[in-house]
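K.L.:
Input file: start27.txt. Contents: compact mmCIF, C-alpha atoms.
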```txt
# COMPACT_ATOMS: atom_id res chain seq x y z
CA ALA A 1 -19.19 11.00 -45.89
CA GLN A 2 -21.84 13.65 -46.19
CA SER A 3 -25.43 13.20 -45.15
CA VAL A 4 -28.48 15.35 -44.69
CA THR A 5 -31.39 14.90 -42.32
CA GLN A 6 -34.59 16.81 -42.80
CA LEU A 7 -36.29 16.54 -39.47
CA ASP A 8 -39.88 16.88 -40.67
CA SER A 9 -41.43 15.04 -43.58
CA HIS A 10 -44.45 17.35 -43.56
CA VAL A 11 -44.99 20.86 -42.23
CA SER A 12 -48.31 22.65 -42.31
CA VAL A 13 -48.68 26.38 -41.67
CA SER A 14 -51.38 28.97 -42.07
CA GLU A 15 -51.01 31.63 -44.71
CA GLY A 16 -49.21 34.67 -43.30
CA THR A 17 -47.48 32.76 -40.49
CA PRO A 18 -43.75 31.97 -40.31
CA VAL A 19 -42.21 28.94 -41.97
CA LEU A 20 -39.43 26.83 -40.45
CA LEU A 21 -38.06 23.80 -42.29
CA ARG A 22 -35.33 22.05 -40.37
CA CYS A 23 -32.17 20.49 -41.77
CA ASN A 24 -29.12 18.99 -40.12
CA TYR A 25 -26.06 17.91 -42.04
CA SER A 26 -22.99 15.80 -41.57
CA SER A 27 -19.83 16.41 -43.54
CA SER A 28 -16.14 15.67 -43.10
CA TYR A 29 -15.22 18.68 -45.18
CA SER A 30 -16.33 22.27 -45.54
CA PRO A 31 -19.72 21.74 -47.08
CA SER A 32 -21.74 23.65 -49.58
CA LEU A 33 -25.37 23.61 -48.54
CA PHE A 34 -28.41 24.27 -50.66
CA TRP A 35 -32.16 24.45 -50.43
CA TYR A 36 -34.14 23.50 -53.51
CA VAL A 37 -37.90 23.68 -54.00
CA GLN A 38 -39.94 21.37 -56.21
CA HIS A 39 -43.50 22.13 -57.16
CA PRO A 40 -45.71 19.20 -58.23
CA ASN A 41 -44.52 17.54 -61.44
CA LYS A 42 -41.81 20.14 -61.87
CA GLY A 43 -38.03 20.19 -61.71
CA LEU A 44 -36.04 21.66 -58.88
CA GLN A 45 -35.48 25.35 -58.38
CA LEU A 46 -32.58 26.68 -56.35
CA LEU A 47 -33.81 28.76 -53.41
CA LEU A 48 -30.47 29.61 -51.86
CA LYS A 49 -26.99 28.29 -51.20
CA TYR A 50 -24.27 28.55 -48.60
CA THR A 51 -20.64 28.33 -49.75
CA SER A 52 -18.59 29.45 -46.72
CA ALA A 53 -19.26 33.15 -47.09
CA ALA A 54 -21.92 34.83 -44.92
CA THR A 55 -23.64 32.42 -42.54
CA LEU A 56 -27.05 34.03 -43.08
CA VAL A 57 -28.05 33.42 -46.65
CA LYS A 58 -30.91 35.18 -48.36
CA GLY A 59 -32.64 33.48 -51.22
CA ILE A 60 -35.50 34.01 -53.58
CA ASN A 61 -39.15 34.52 -52.64
CA GLY A 62 -38.32 35.81 -49.17
CA PHE A 63 -36.63 32.64 -47.93
CA GLU A 64 -33.45 32.63 -45.93
CA ALA A 65 -31.31 30.09 -44.10
CA GLU A 66 -28.66 30.28 -41.45
CA PHE A 67 -25.59 28.07 -41.38
CA LYS A 68 -24.76 27.11 -37.80
CA LYS A 69 -21.60 25.05 -37.67
CA SER A 70 -21.85 24.39 -33.92
CA GLU A 71 -25.28 22.87 -34.42
CA THR A 72 -24.55 21.40 -37.89
CA SER A 73 -27.82 22.93 -39.00
CA PHE A 74 -29.07 24.84 -42.02
CA HIS A 75 -32.71 25.59 -41.30
CA LEU A 76 -34.86 27.35 -43.89
CA THR A 77 -37.17 30.15 -42.78
CA LYS A 78 -39.63 32.63 -44.19
CA PRO A 79 -41.41 35.29 -42.13
CA SER A 80 -44.80 34.95 -43.80
CA ALA A 81 -46.04 31.97 -45.78
CA HIS A 82 -47.87 32.39 -49.06
CA MET A 83 -50.15 29.87 -50.71
CA SER A 84 -47.68 29.59 -53.60
CA ASP A 85 -45.03 28.33 -51.17
CA ALA A 86 -46.78 24.96 -50.92
CA ALA A 87 -44.28 22.51 -52.41
CA GLU A 88 -41.60 19.96 -51.58
CA TYR A 89 -38.36 21.35 -50.17
CA PHE A 90 -35.02 19.58 -50.28
CA CYS A 91 -31.96 20.33 -48.18
CA VAL A 92 -28.82 19.33 -50.04
CA VAL A 93 -25.12 19.06 -49.24
CA SER A 94 -22.11 18.81 -51.50
CA LEU A 95 -18.36 18.99 -51.18
CA LEU A 96 -16.91 22.37 -51.95
CA ASN A 97 -14.24 22.56 -54.60
CA SER A 98 -14.22 18.86 -55.28
CA GLY A 99 -14.60 19.40 -59.02
CA ASN A 100 -16.95 16.56 -59.64
CA THR A 101 -19.66 17.23 -57.13
CA PRO A 102 -22.60 14.91 -56.74
CA LEU A 103 -25.23 16.22 -54.38
CA VAL A 104 -26.59 14.41 -51.37
CA PHE A 105 -30.29 15.07 -50.93
CA GLY A 106 -32.39 15.01 -47.83
CA LYS A 107 -35.65 13.08 -48.01
CA GLY A 108 -37.61 16.27 -48.46
CA THR A 109 -40.17 18.22 -46.45
CA ARG A 110 -43.60 18.82 -47.86
CA LEU A 111 -44.90 22.26 -46.97
CA SER A 112 -48.63 22.78 -46.89
CA VAL A 113 -50.07 26.28 -46.57
CA ILE A 114 -53.60 26.61 -45.24
CA ALA A 115 -55.74 29.57 -46.21
CA GLY B 116 -29.24 32.87 -66.46
CA ALA B 117 -28.29 29.24 -65.71
CA VAL B 118 -31.22 27.64 -67.46
CA VAL B 119 -31.35 23.93 -68.13
CA SER B 120 -33.90 22.36 -70.43
CA GLN B 121 -35.01 18.79 -70.92
CA HIS B 122 -36.74 17.23 -73.85
CA PRO B 123 -39.20 15.65 -73.96
CA SER B 124 -41.11 16.62 -70.84
CA TRP B 125 -43.42 13.63 -71.21
CA VAL B 126 -42.94 10.34 -73.02
CA ILE B 127 -45.05 7.21 -73.24
CA CYS B 128 -43.55 4.19 -74.92
CA LYS B 129 -44.13 0.48 -75.36
CA SER B 130 -42.18 -2.07 -73.42
CA GLY B 131 -39.01 -3.07 -75.23
CA THR B 132 -38.44 0.22 -77.02
CA SER B 133 -35.69 2.72 -76.30
CA VAL B 134 -36.21 6.28 -75.22
CA LYS B 135 -33.75 9.17 -75.45
CA ILE B 136 -33.93 12.14 -73.11
CA GLU B 137 -31.97 15.31 -73.81
CA CYS B 138 -30.56 17.71 -71.25
CA ARG B 139 -29.26 21.08 -72.41
CA SER B 140 -27.63 23.97 -70.62
CA LEU B 141 -29.04 26.94 -72.52
CA ASP B 142 -26.90 29.85 -71.43
CA PHE B 143 -23.77 28.32 -69.96
CA GLN B 144 -21.34 25.55 -70.66
CA ALA B 145 -21.28 22.53 -68.41
CA THR B 146 -18.46 20.03 -68.46
CA THR B 147 -20.35 18.02 -65.87
CA MET B 148 -23.99 17.04 -65.86
CA PHE B 149 -25.88 14.68 -63.60
CA TRP B 150 -28.81 12.38 -64.10
CA TYR B 151 -31.25 11.67 -61.31
CA ARG B 152 -34.30 9.50 -60.93
CA GLN B 153 -37.19 10.32 -58.69
CA PHE B 154 -39.94 7.94 -57.63
CA PRO B 155 -43.31 9.31 -56.49
CA LYS B 156 -43.15 11.14 -53.19
CA GLN B 157 -39.47 10.33 -52.79
CA SER B 158 -36.21 12.21 -52.98
CA LEU B 159 -33.86 12.29 -55.95
CA MET B 160 -31.54 9.39 -56.53
CA LEU B 161 -28.32 10.07 -58.41
CA MET B 162 -27.93 7.69 -61.31
CA ALA B 163 -24.77 8.88 -62.98
CA THR B 164 -22.34 11.71 -63.51
CA SER B 165 -21.79 12.73 -67.09
CA ASN B 166 -18.53 14.39 -68.12
CA GLU B 167 -18.06 15.98 -71.50
CA GLY B 168 -15.85 13.91 -73.74
CA SER B 169 -15.48 10.95 -71.41
CA LYS B 170 -17.43 8.01 -70.08
CA ALA B 171 -20.10 8.56 -67.50
CA THR B 172 -19.64 7.44 -63.92
CA TYR B 173 -22.53 5.33 -62.70
CA GLU B 174 -23.73 4.94 -59.15
CA GLN B 175 -23.80 1.54 -57.57
CA GLY B 176 -26.77 -0.50 -58.72
CA VAL B 177 -27.38 1.49 -61.91
CA GLU B 178 -26.95 -0.59 -65.06
CA LYS B 179 -24.75 1.28 -67.50
CA ASP B 180 -25.92 -0.84 -70.43
CA LYS B 181 -29.50 -0.05 -69.55
CA PHE B 182 -29.07 3.66 -69.09
CA LEU B 183 -26.73 4.95 -71.78
CA ILE B 184 -25.32 8.41 -71.23
CA ASN B 185 -23.60 10.53 -73.83
CA HIS B 186 -22.14 13.97 -73.15
CA ALA B 187 -20.92 14.95 -76.59
CA SER B 188 -20.78 18.70 -76.13
CA LEU B 189 -20.50 21.29 -73.38
CA THR B 190 -24.22 22.00 -73.53
CA LEU B 191 -25.81 18.63 -74.19
CA SER B 192 -26.06 15.32 -72.37
CA THR B 193 -28.41 12.53 -73.35
CA LEU B 194 -29.81 9.63 -71.39
CA THR B 195 -31.10 6.67 -73.38
CA VAL B 196 -33.23 4.11 -71.58
CA THR B 197 -32.71 0.98 -73.62
CA SER B 198 -35.29 -1.77 -73.90
CA ALA B 199 -37.53 0.04 -71.47
CA HIS B 200 -39.81 -1.91 -69.15
CA PRO B 201 -42.65 -0.76 -66.89
CA GLU B 202 -40.33 -0.67 -63.88
CA ASP B 203 -38.31 2.03 -65.68
CA SER B 204 -41.30 4.35 -65.48
CA SER B 205 -40.19 7.30 -63.41
CA PHE B 206 -39.38 10.99 -63.34
CA TYR B 207 -35.91 11.63 -64.72
CA ILE B 208 -34.20 14.89 -63.87
CA CYS B 209 -30.89 16.21 -65.12
CA SER B 210 -28.70 18.95 -63.73
CA ALA B 211 -25.75 20.88 -65.06
CA LEU B 212 -22.85 22.02 -62.93
CA GLY B 213 -22.44 25.77 -63.17
CA LEU B 214 -20.46 28.42 -61.38
CA GLU B 215 -19.49 27.98 -57.72
CA GLU B 216 -20.25 24.28 -57.78
CA THR B 217 -23.97 24.95 -58.10
CA GLN B 218 -26.16 22.46 -59.91
CA TYR B 219 -28.96 23.85 -62.03
CA PHE B 220 -31.78 21.43 -62.66
CA GLY B 221 -33.88 20.76 -65.68
CA PRO B 222 -37.68 20.56 -65.44
CA GLY B 223 -37.68 16.77 -65.58
CA THR B 224 -38.96 14.13 -67.99
CA ARG B 225 -41.77 11.82 -67.02
CA LEU B 226 -41.43 8.39 -68.60
CA LEU B 227 -44.27 5.92 -68.70
CA VAL B 228 -43.56 2.49 -70.14
CA LEU B 229 -46.63 0.46 -71.04
```
Render the structure in this file as structure tokens.

P.N.:
Amino acid sequence: AQSVTQLDSHVSVSEGTPVLLRCNYSSSYSPSLFWYVQHPNKGLQLLLKYTSAATLVKGINGFEAEFKKSETSFHLTKPSAHMSDAAEYFCVVSLLNSGNTPLVFGKGTRLSVIA
Amino acid sequence: GAVVSQHPSWVICKSGTSVKIECRSLDFQATTMFWYRQFPKQSLMLMATSNEGSKATYEQGVEKDKFLINHASLTLSTLTVTSAHPEDSSFYICSALGLEETQYFGPGTRLLVL
């Protein structure tokens, strides 16, 4: 069975400093991994996804994540935080090529950006 | 591309009434859509998987007679909360399965049952 662990429930950074949101996964199969962002009272927006191609995945708004199979990790990073990055971030895993593919969500990490 | 809409975005209803929420994939066809529920400050909980032209598959603990799902076309799935009660108040989010097994999410519908 798949599972996702987001290691921090809350991360606070200063504007202009790097962002690191940590995620570890567990999957019996080759997983697809995603990061979604949710701003307050909004739906989810896809930031980036890994589907067994390049291990370093670049997403929108300057975010990127690296798939490390040996560490079963898929941490999300950004070199310089912006105030608009403050939101809830979800690491998500699904089975690749299973056809009917429910997602398994992490509990989320709330990112605060301090001016 | 890959835009999913939900309607309404906000609904307030009286206890005992039924509420229908629509989920549409605007620029792609989706044979599979998903319905999630999100409580305040919590993650998303999958309620059911909706397949076009067939019955929805409900997750354990979700009452299928309470939460009716219809996926009548490749671009529309509806969730009807029947005989709503205050405990059904929540944020309901749908997603549509697009290319490369990627789910695209709608903006959510906030339901408040008085």

K.L.:
Contacts from chain B to chain A, 9 Å maximum, only C-alpha atoms: show me the residue list as a list of chain:residue names.

P.N.:
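Using only C-alpha atoms, chain B residues at most 9 Å from chain A: B:Thr147, B:Phe149, B:Lys156, B:Gln157, B:Ser158, B:Leu159, B:Met160, B:Leu161, B:Ala163, B:Thr164, B:Asn166, B:Phe206, B:Ile208, B:Cys209, B:Leu212, B:Glu215, B:Glu216, B:Thr217, B:Gln218, B:Tyr219, B:Phe220, B:Gly221, B:Pro222, B:Gly223, B:Thr224, B:Arg225.
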
K.L.:
As a list of chain:residue names, please: the residues near Val126 in chain B (cut-off 10 Å, only C-alpha atoms, same-chain neighbours under 4 positions excluded).

P.N.:
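The filter keeps B:His122, B:Val134, B:Lys135, B:Ile136, B:Ser204, B:Thr224, B:Arg225, B:Leu226, B:Leu227, B:Val228.
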
K.L.:
Could you write those residues out with C-alpha atoms, as a tab-separated table (two decimals), keeping the file's coordinate frame?

P.N.:
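This went into part-v6.tsv:
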```tsv
chain	number	residue	atom	x	y	z
B	122	HIS	CA	-36.74	17.23	-73.85
B	134	VAL	CA	-36.21	6.28	-75.22
B	135	LYS	CA	-33.75	9.17	-75.45
B	136	ILE	CA	-33.93	12.14	-73.11
B	204	SER	CA	-41.30	4.35	-65.48
B	224	THR	CA	-38.96	14.13	-67.99
B	225	ARG	CA	-41.77	11.82	-67.02
B	226	LEU	CA	-41.43	8.39	-68.60
B	227	LEU	CA	-44.27	5.92	-68.70
B	228	VAL	CA	-43.56	2.49	-70.14
```

K.L.:
Can you work out the spacing between CA of Ala187 in chain B and CA of Leu141 in chain B in Å, to one decimal?

P.N.:
15.0 Å
